[in-house]
Protein chains: 2
Amino acid sequence: MATFADISVAAGINILTAFIFLVAFAFLRLQPFNDRVYFPKWYLKGLRTDPDTSGGYGSRFINLDFRTYLRFLNWVPAALKMPEPELIEHAGLDSAVYLRIYLLGLKIFIPIAFLAWAVLVPVNFTNSTLELGKAVYSDIDKLSISNISLGSHRFWTHILIAYAFTFWTCYVLQKEYDNVTALRLQFLASAKRRPDQFTVLVRNVPPDNDESVSELVEHFFLVNHPDHYLTHQVVYDANKLANLVKQRKKLQNWLDYYQNRYARNQTKRPITKTGFLGLWGEKVDAIDYYISEIDKISEEIVEERKRVRNDPKSIMPAAFVSFKTRWGAAVCAQTQQSRNPTIWLTDWASEPRDVYWNNMAIPYVALTIRRLMMAVAFFFLTFFFMIPIAFVQSLASIEGIEKVAPFLKPLVEQKAVKAFIQGFLPGIALKLFLIFLPAILMMMSKFEGFISISSLERRSASRYYLFNFVNVFLGSIIAGTAFEQLDSFIHQSPMQIPITIGIAIPMKATFFISFIMVDGWAGVAGEILRLKPMIIYHLKNSLLVKTEKDREEAMDPGSIGFNTGEPQIQLYFLLGLVYSTVTPLLLPFIIIFFGFAYVVYRHQVINVYNQEYESAAAFWPDVHGRVISALVIAQLLLMGLMTTREFAMSTPFLIILPVLTISFHIYCKGRYEPAFVKYPLQEAMMKDTLERATEPNLNLKAYLLNAYIHPVFKEEEERDDDQVTEKLQQHESVLVPTKRQSRRSTPLPSISKYSPSSSPTR
Amino acid sequence: MATFADISVAAGINILTAFIFLVAFAFLRLQPFNDRVYFPKWYLKGLRTDPDTSGGYGSRFINLDFRTYLRFLNWVPAALKMPEPELIEHAGLDSAVYLRIYLLGLKIFIPIAFLAWAVLVPVNFTNSTLELGKAVYSDIDKLSISNISLGSHRFWTHILIAYAFTFWTCYVLQKEYDNVTALRLQFLASAKRRPDQFTVLVRNVPPDNDESVSELVEHFFLVNHPDHYLTHQVVYDANKLANLVKQRKKLQNWLDYYQNRYARNQTKRPITKTGFLGLWGEKVDAIDYYISEIDKISEEIVEERKRVRNDPKSIMPAAFVSFKTRWGAAVCAQTQQSRNPTIWLTDWASEPRDVYWNNMAIPYVALTIRRLMMAVAFFFLTFFFMIPIAFVQSLASIEGIEKVAPFLKPLVEQKAVKAFIQGFLPGIALKLFLIFLPAILMMMSKFEGFISISSLERRSASRYYLFNFVNVFLGSIIAGTAFEQLDSFIHQSPMQIPITIGIAIPMKATFFISFIMVDGWAGVAGEILRLKPMIIYHLKNSLLVKTEKDREEAMDPGSIGFNTGEPQIQLYFLLGLVYSTVTPLLLPFIIIFFGFAYVVYRHQVINVYNQEYESAAAFWPDVHGRVISALVIAQLLLMGLMTTREFAMSTPFLIILPVLTISFHIYCKGRYEPAFVKYPLQEAMMKDTLERATEPNLNLKAYLLNAYIHPVFKEEEERDDDQVTEKLQQHESVLVPTKRQSRRSTPLPSISKYSPSSSPTR
């Protein structure tokens, strides 16, 4: 049991770590050569150019203006200054609403913390059970519910407070759902025309012997939506083509690398081997070799492109169907077309960037089977993931290695090697698994057949949350692997489970406090430092970059990463709600996490992250649902805890809370969720009428013609057209015709009043 | 433990009872004076008239043709002869599909029974654990799983057979879902035009200060569905008016009664008292009194009708909106109209007869709260219903009565009275509750705010099934009240529950066999006898009937009663599936029930029941879901049973079954359920196109004008128009303009070749 002193020391260390990260960040970001690492978003928007070369050679790479270092924290107000509407304009609604999750945390926990410290802490502290009773206790437990004697009537305070917390949380959640719904509808109804407003994705077009998919789609919609059908685009199976293009890119990188090397050192033509990774095989001139290889693959690409375009077999039974009006599209997307509900499936087309092209052709029956398989796989992944890891760990032990590879015996018996193997290898196996977990979950979601990147991420996020809940939350409270927990839960009564967990909760408060500091505080500070992207950028910059375009590609702005970020935030919601009534001491740590993370991520969203797609905050129902589930878990655990404190008479009062919370959830689901899955006809009609009035001569067909074309075709066409503008087009949505060409090379007088003001180059 | 002999005796008694019922039925139905009790459906259809008066006075009431008695069972082939398409035409799709539930039972259980008797019974019988082990065993147990020794490898047979049963059940279920879906789509797409194909019910029209509900609705749909909107009908709050009309009807009945009495005995004018039930108050001339009362209330009705029509407050915020095409209606019914998903709620209008008018005006928030309240109420009803009954029972005991009313002491101490109180009263309290249970559940559904009678019945049915499952199935297997079960289940581990039940299952086989015979066989035989409607009809006929119309009203054809009938069938599915692997002896009893019930209900559907509404088999997903849940329960209980037989190693093999079954259910839900909740646009468009081609000059507006008018207005108008045709119109769907007027009084040469051939009057 930790004392206040222990906690303070730990807090001090973590604050110091975070502070060092922040100072390092403040120093690094002011260096001009890191400008593209810390402000990539502005480059991608074309609103920032490389630091100009005026000034000496040194000042081009290192910032020598010492005054700027003194104001090393002024990125914080800068990050907070941009108002939300401009943030939405700048970074998209997804990012803006993602930041609101942190705000939601603050809104929920600040009042809760005040109330808890004003009421619960005194009630707990003035009791003295622990002093009289057990010998071993800590200062922290004096502030927690553990200090109340068994069966004491003081527990009524906790029950009342639990009611207050529940009502407050639900109130804030409802307000926030309301806000986000309004933001989403406003965003969808915004003046900007977007192809997904007019387009519906049709899947499982039934096979027909007489007509091609394209003809079939056209006839079907001409018959069934005669007044609204406009045009359609079939979906090509361009996976092979995309692979070839990717391969050429890799070759191009190698070519660039050797060309750069040769440019620097013209005395010697670089040489490579043709075998695997250039490690063996025939020695050849590297530049010539790669040029010829690229030519070869380019021809292949041309061939394949022709084949895809002309071979009817490469057309998938899916199409993007566009309508004359938003109303027509809304109708088609939200109704069933055919008598057989497994063919002619219609749904809103996602935004063009958001489409996940590989999953377009999965038939209906396969989808059911794939979902079942993944559900089973996820169950085993969650509860039995320790088995393969334990196996790897056993292999990675001294005995394991000696058994598998006896010839290594003399080596591994050496003291240093032995210590390394015993100390690190088993941990590394687990760590590696945890690092790859989000990728594994993402692969599982892809296998399940979702057809937009946003839905893939949402699915992965909910699975990651479940995994964290079982293995981090429950796993930390009840020692033992998830499988052992499962086993004991199956053999315990449903009433016993909250009790088992409830007993352990107060004892684990200090563990979770240090968890919040290490994982939360230091993690967030590490995020702002961007060590990995910085190293990769500088490597690429020195080895591969030849043109401006290459430099742009070398930047890795990253994105918010909903599938990993959100489940972690949710873990803090869970901890905060569970401990709010039990150990209020934990709340300030949670609040600091939310506040700090809010500032850091706001900075990152403004300056760094490049949004990959825009789903218009489609994830909010998930966020809301998970906070609700955390609330219900907290209530059940409190019930279990009370029972162990010989205060079981509280159960009838506490059982009302989850019932109310779940009804509240059902109400919210009915009241707000439709805004996230449906599109009201009134809105569509309003927008259509407005557009007809303001732009009577709009040529919608031309506008929609190439909106939903596989990115590989678009890329190729652009590459053929104009090598320079290629990349640029890709990063931008198709909807906003680029007007940046003129700006790119001339520095702008004033780009945005909220653009990073502390940057030395401005 | 019962022996074969016991079972045989019980079966004999029950078969005899059923046989007596059948003979009584055969006798009673051949009497002309019972013709309207046993063939009301044909009268309502206007296809049968009262037995003609040719022949003597006696033969008008009693059938003296002895030859007809010899063929007393020939209603059975007659009932089976009518082919399904004609049955659908004659009695509606709901009834036809309802009969398919019994067929489904036969299709599932006949092959299962053959397999079980061919494989399981020999495997069980050739073992001899029971003879060696315990002293007390019965012959029946020798055929059941109890005869296999603990941990024997013979259990593998049962596991294999469980797989076979699961696959067979799922196969039949899928086939049947497919058939019913096809029938439903065919029915919906049938040539007949119906108002509900064009009409959408809009609820929660938002209040507006400047416009009336009617104007608001018209404007909204003219704006948002400009090409499709045709007309609309607002919904009046006519509950008070309906009450007044009902009251007048009652008075009219009394008037008829006294007029009849006077007509028979003209010497004395009948006299009544004006007070409650005519028991006290001033003495008046009965006929004059009721005539004046009816005049008074008629005036009130006229007043109220005017008020309802003109007072804007009596208009509910709901309307039936009709569209020019089925396509337009399908679009509107299946999309969200407004940004706020709690206003302008659209859904398919139910068929006019199916509308439940009282619930039209419930706002969205109230719906959530009402559902929560009813969920809680149902929970208490299921698990704690014994508490009030136990209270009533304690009052109804000797001691209770003596305590509450000491002056009754001398009476209740008498031997005969005492025996009656001790023997019957407590049972009567429980029996009364069980009789009223469906009505209570129906009231709960009404309170929840459903707006069609069919959905009310579906909801009540699922609640009744749950109640039966907990209190009949579990309550019989584990002795003790539901509350005690709940208590023990909360305190048991989830793995323990199937074990607890599993142990008890083989022991309860004989109980359930006699349950099937008493409740199933005798119950079905009682249904065909229609004792209660017969008595009521003859009472009414002798006291109230003056005109032909009155006689028509005196008939009580009844209806299938989905809310009580279907849950009982489902109980047999559950018993059959649970015992199929455990005690195959039970299966023949189930099969006899399904076969017998099929014949009886087919007869009733053809000759008796008058369908109240037509929901086009909307209940099938519920039926399917409950059979699936029974299958899963059976699998879990088998797993529990195996564990207690020291054959726990089977668990991994058996756990696969529920996973597969549930996945199958999810697949079916996706594949077939949309046909029951959505309406494909392709179908709508096909129908519209066909109609445009065949009837280009159709005046749809006139057709739809009065389709959705509150029945009380319609009734009143018809009453004013034509007293004679009033009732007739009500009983028929509005869609089929009556052409029967001419037929009513002239006997028809040939009505239907499947009409009851054994009737003596034809």
# chains A, B, ... in the order shown; residues from 1 in each chain; ligands from 1

$ interface_residues --of "chain B" --to "chain A" --cutoff "8 Å" --atoms "only C-alpha atoms" --output "PyMOL selection string"
chain B and resi 185+223-224+331+334-342+365+368+372+489-496+663+666-667+670-672+674-675+678-683+685

$ residues_around --residues "Arg203 of chain A" --least-positions-apart "3" --cutoff "9 Å" --atoms "only C-alpha atoms" --output "ChimeraX atom specification"
/A:206,316-320,343-347,360-363

$ write_last_selection --atoms "N, CA and C atoms" --output "PDB file, in the first residue's frame"
ATOM      1  N   PRO A 206     -26.955  -8.926 -58.718  1.00  0.00           N
ATOM      2  CA  PRO A 206     -27.030 -10.348 -59.067  1.00  0.00           C
ATOM      3  C   PRO A 206     -26.416 -10.607 -60.438  1.00  0.00           C
ATOM      4  N   MET A 316     -16.473  -5.829 -60.491  1.00  0.00           N
ATOM      5  CA  MET A 316     -17.107  -6.426 -59.323  1.00  0.00           C
ATOM      6  C   MET A 316     -18.611  -6.201 -59.395  1.00  0.00           C
ATOM      7  N   PRO A 317     -19.376  -7.059 -58.702  1.00  0.00           N
ATOM      8  CA  PRO A 317     -20.836  -6.885 -58.723  1.00  0.00           C
ATOM      9  C   PRO A 317     -21.265  -5.757 -57.790  1.00  0.00           C
ATOM     10  N   ALA A 318     -20.680  -4.598 -57.980  1.00  0.00           N
ATOM     11  CA  ALA A 318     -20.997  -3.450 -57.130  1.00  0.00           C
ATOM     12  C   ALA A 318     -20.864  -2.201 -57.974  1.00  0.00           C
ATOM     13  N   ALA A 319     -21.543  -1.149 -57.564  1.00  0.00           N
ATOM     14  CA  ALA A 319     -21.463   0.081 -58.341  1.00  0.00           C
ATOM     15  C   ALA A 319     -21.807   1.267 -57.466  1.00  0.00           C
ATOM     16  N   PHE A 320     -21.247   2.417 -57.839  1.00  0.00           N
ATOM     17  CA  PHE A 320     -21.641   3.667 -57.192  1.00  0.00           C
ATOM     18  C   PHE A 320     -22.682   4.324 -58.091  1.00  0.00           C
ATOM     19  N   ILE A 343     -29.678  -9.174 -52.252  1.00  0.00           N
ATOM     20  CA  ILE A 343     -29.125  -8.613 -53.482  1.00  0.00           C
ATOM     21  C   ILE A 343     -29.576  -7.167 -53.619  1.00  0.00           C
ATOM     22  N   TRP A 344     -28.895  -6.446 -54.488  1.00  0.00           N
ATOM     23  CA  TRP A 344     -29.150  -5.020 -54.670  1.00  0.00           C
ATOM     24  C   TRP A 344     -29.130  -4.292 -53.333  1.00  0.00           C
ATOM     25  N   LEU A 345     -28.127  -4.570 -52.521  1.00  0.00           N
ATOM     26  CA  LEU A 345     -28.009  -3.878 -51.234  1.00  0.00           C
ATOM     27  C   LEU A 345     -27.550  -2.445 -51.472  1.00  0.00           C
ATOM     28  N   THR A 346     -28.325  -1.493 -50.973  1.00  0.00           N
ATOM     29  CA  THR A 346     -27.913  -0.099 -51.138  1.00  0.00           C
ATOM     30  C   THR A 346     -27.555   0.505 -49.796  1.00  0.00           C
ATOM     31  N   ASP A 347     -26.585   1.372 -49.840  1.00  0.00           N
ATOM     32  CA  ASP A 347     -26.207   2.109 -48.636  1.00  0.00           C
ATOM     33  C   ASP A 347     -25.529   3.395 -49.092  1.00  0.00           C
ATOM     34  N   MET A 360     -15.282  -4.884 -51.682  1.00  0.00           N
ATOM     35  CA  MET A 360     -16.509  -4.571 -52.398  1.00  0.00           C
ATOM     36  C   MET A 360     -17.276  -5.805 -52.855  1.00  0.00           C
ATOM     37  N   ALA A 361     -16.602  -6.920 -53.017  1.00  0.00           N
ATOM     38  CA  ALA A 361     -17.213  -8.031 -53.751  1.00  0.00           C
ATOM     39  C   ALA A 361     -17.616  -9.205 -52.877  1.00  0.00           C
ATOM     40  N   ILE A 362     -17.721  -8.990 -51.559  1.00  0.00           N
ATOM     41  CA  ILE A 362     -18.028 -10.138 -50.697  1.00  0.00           C
ATOM     42  C   ILE A 362     -19.526 -10.418 -50.726  1.00  0.00           C
ATOM     43  N   PRO A 363     -19.948 -11.634 -51.069  1.00  0.00           N
ATOM     44  CA  PRO A 363     -21.379 -11.925 -51.100  1.00  0.00           C
ATOM     45  C   PRO A 363     -21.970 -12.028 -49.701  1.00  0.00           C
TER      46      PRO A 363
END

$ residues_around --residues "Leu222 of chain B" --least-positions-apart "6" --cutoff "12 Å" --atoms "only C-alpha atoms" --output "list in words"
Gln682 and Met685 of chain A; Glu215, Leu216, His228, Tyr229, Leu230, Thr231, His232, Val321, Ser322 and Phe323 of chain B

$ residues_around --residues "Ser212 of chain B" --least-positions-apart "4" --cutoff "10 Å" --atoms "only C-alpha atoms" --output "MDAnalysis selection string"
chainID B and resid 207:208 216:218 312:313 315 317

$ residues_around --residues "His603 of chain A" --least-positions-apart "5" --cutoff "8 Å" --atoms "only C-alpha atoms" --output "tab-separated table (two decimals) with N, CA and C atoms, in the first residue's frame"
chain	number	residue	atom	x	y	z
A	75	TRP	N	3.04	27.49	-27.32
A	75	TRP	CA	2.20	26.74	-28.25
A	75	TRP	C	0.86	26.39	-27.62
A	76	VAL	N	0.83	26.43	-26.27
A	76	VAL	CA	-0.41	26.03	-25.59
A	76	VAL	C	-1.54	27.02	-25.88
A	78	ALA	N	-1.64	29.06	-28.22
A	78	ALA	CA	-1.86	29.03	-29.67
A	78	ALA	C	-2.78	27.87	-30.05
A	79	ALA	N	-2.55	26.73	-29.40
A	79	ALA	CA	-3.38	25.57	-29.73
A	79	ALA	C	-4.82	25.78	-29.32
A	80	LEU	N	-5.01	26.54	-28.23
A	80	LEU	CA	-6.37	26.71	-27.71
A	80	LEU	C	-7.11	27.82	-28.42
A	608	VAL	N	-0.32	19.03	-37.04
A	608	VAL	CA	0.35	17.82	-37.50
A	608	VAL	C	-0.55	16.90	-38.31

$ residues_around --residues "segment 91-95 of chain A" --least-positions-apart "4" --cutoff "9 Å" --atoms "only C-alpha atoms" --output "list in words"
Lys41, Glu86, Leu87, Leu99, Arg100, Leu183, Arg184, Phe187, Ile560, Arg602, Val605, Ile606, Tyr609, Asn610, Gln611, Tyr613, Glu614, Ser615, Ala616, Ala617, Ala618 and Phe619 of chain A

$ write_last_selection --atoms "N, CA and C atoms" --output "mmCIF file, in the first residue's frame"
data_model
loop_
_atom_site.group_PDB
_atom_site.id
_atom_site.type_symbol
_atom_site.label_atom_id
_atom_site.label_comp_id
_atom_site.auth_asym_id
_atom_site.auth_seq_id
_atom_site.Cartn_x
_atom_site.Cartn_y
_atom_site.Cartn_z
ATOM 1 N N LYS A 41 0.877 19.494 -41.354
ATOM 2 C CA LYS A 41 -0.475 19.811 -41.810
ATOM 3 C C LYS A 41 -0.488 21.070 -42.675
ATOM 4 N N GLU A 86 -13.549 27.284 -37.065
ATOM 5 C CA GLU A 86 -12.380 27.299 -37.938
ATOM 6 C C GLU A 86 -11.633 25.977 -37.858
ATOM 7 N N LEU A 87 -11.649 25.383 -36.671
ATOM 8 C CA LEU A 87 -11.002 24.074 -36.527
ATOM 9 C C LEU A 87 -11.672 23.043 -37.432
ATOM 10 N N LEU A 99 -11.694 15.776 -30.391
ATOM 11 C CA LEU A 99 -11.198 16.595 -29.275
ATOM 12 C C LEU A 99 -12.274 16.784 -28.213
ATOM 13 N N ARG A 100 -13.518 16.795 -28.664
ATOM 14 C CA ARG A 100 -14.601 16.961 -27.689
ATOM 15 C C ARG A 100 -14.677 15.795 -26.721
ATOM 16 N N LEU A 183 -23.801 19.553 -34.690
ATOM 17 C CA LEU A 183 -22.608 19.793 -35.506
ATOM 18 C C LEU A 183 -22.620 18.931 -36.757
ATOM 19 N N ARG A 184 -22.999 17.663 -36.568
ATOM 20 C CA ARG A 184 -22.987 16.755 -37.705
ATOM 21 C C ARG A 184 -24.000 17.175 -38.763
ATOM 22 N N PHE A 187 -22.841 20.171 -40.483
ATOM 23 C CA PHE A 187 -21.739 19.855 -41.394
ATOM 24 C C PHE A 187 -22.274 19.217 -42.675
ATOM 25 N N ILE A 560 -5.184 10.894 -36.331
ATOM 26 C CA ILE A 560 -5.594 10.732 -34.934
ATOM 27 C C ILE A 560 -5.536 9.273 -34.515
ATOM 28 N N ARG A 602 -5.103 18.977 -29.402
ATOM 29 C CA ARG A 602 -5.586 20.120 -30.180
ATOM 30 C C ARG A 602 -4.422 20.696 -30.987
ATOM 31 N N VAL A 605 -3.747 18.249 -33.831
ATOM 32 C CA VAL A 605 -4.767 18.283 -34.882
ATOM 33 C C VAL A 605 -4.578 19.517 -35.745
ATOM 34 N N ILE A 606 -4.215 20.631 -35.099
ATOM 35 C CA ILE A 606 -4.056 21.866 -35.876
ATOM 36 C C ILE A 606 -2.800 21.811 -36.729
ATOM 37 N N TYR A 609 -1.541 16.338 -37.641
ATOM 38 C CA TYR A 609 -2.263 15.228 -38.236
ATOM 39 C C TYR A 609 -2.911 15.603 -39.561
ATOM 40 N N ASN A 610 -2.849 14.650 -40.489
ATOM 41 C CA ASN A 610 -3.551 14.807 -41.742
ATOM 42 C C ASN A 610 -4.679 13.808 -41.775
ATOM 43 N N GLN A 611 -5.884 14.327 -41.780
ATOM 44 C CA GLN A 611 -7.069 13.493 -41.796
ATOM 45 C C GLN A 611 -7.094 12.600 -43.030
ATOM 46 N N TYR A 613 -9.759 10.670 -43.855
ATOM 47 C CA TYR A 613 -11.124 10.620 -44.386
ATOM 48 C C TYR A 613 -11.983 11.507 -43.512
ATOM 49 N N GLU A 614 -13.198 11.689 -43.931
ATOM 50 C CA GLU A 614 -14.137 12.488 -43.141
ATOM 51 C C GLU A 614 -15.419 11.684 -43.005
ATOM 52 N N SER A 615 -15.731 11.267 -41.765
ATOM 53 C CA SER A 615 -16.954 10.493 -41.580
ATOM 54 C C SER A 615 -18.022 11.324 -40.888
ATOM 55 N N ALA A 616 -17.759 12.617 -40.706
ATOM 56 C CA ALA A 616 -18.722 13.520 -40.057
ATOM 57 C C ALA A 616 -19.121 13.011 -38.678
ATOM 58 N N ALA A 617 -18.114 12.649 -37.893
ATOM 59 C CA ALA A 617 -18.323 12.260 -36.489
ATOM 60 C C ALA A 617 -19.218 11.039 -36.337
ATOM 61 N N ALA A 618 -19.149 10.144 -37.316
ATOM 62 C CA ALA A 618 -20.010 8.961 -37.251
ATOM 63 C C ALA A 618 -19.690 8.088 -36.048
ATOM 64 N N PHE A 619 -18.579 8.379 -35.371
ATOM 65 C CA PHE A 619 -18.184 7.507 -34.258
ATOM 66 C C PHE A 619 -18.846 7.878 -32.942
#

$ closest_residue --among "B:Pro584, B:Pro32, B:Pro388, B:Gly12" --to "Ala118 of chain B" --atoms "only C-alpha atoms"
B:Pro584

$ select_by_dssp --residues "segment 43-269 of chain B" --states "strand (DSSP E)" --output "list in words"
Thr199, Val200, Leu201, Val202, Arg203, Tyr229, Leu230, Thr231, His232, Gln233, Val234, Val235 and Tyr236 of chain B

$ closest_residue --among "A:Gly640, A:Gly526, A:Pro195, A:Gly625" --to "Gly502 of chain A" --atoms "only C-alpha atoms"
A:Gly640
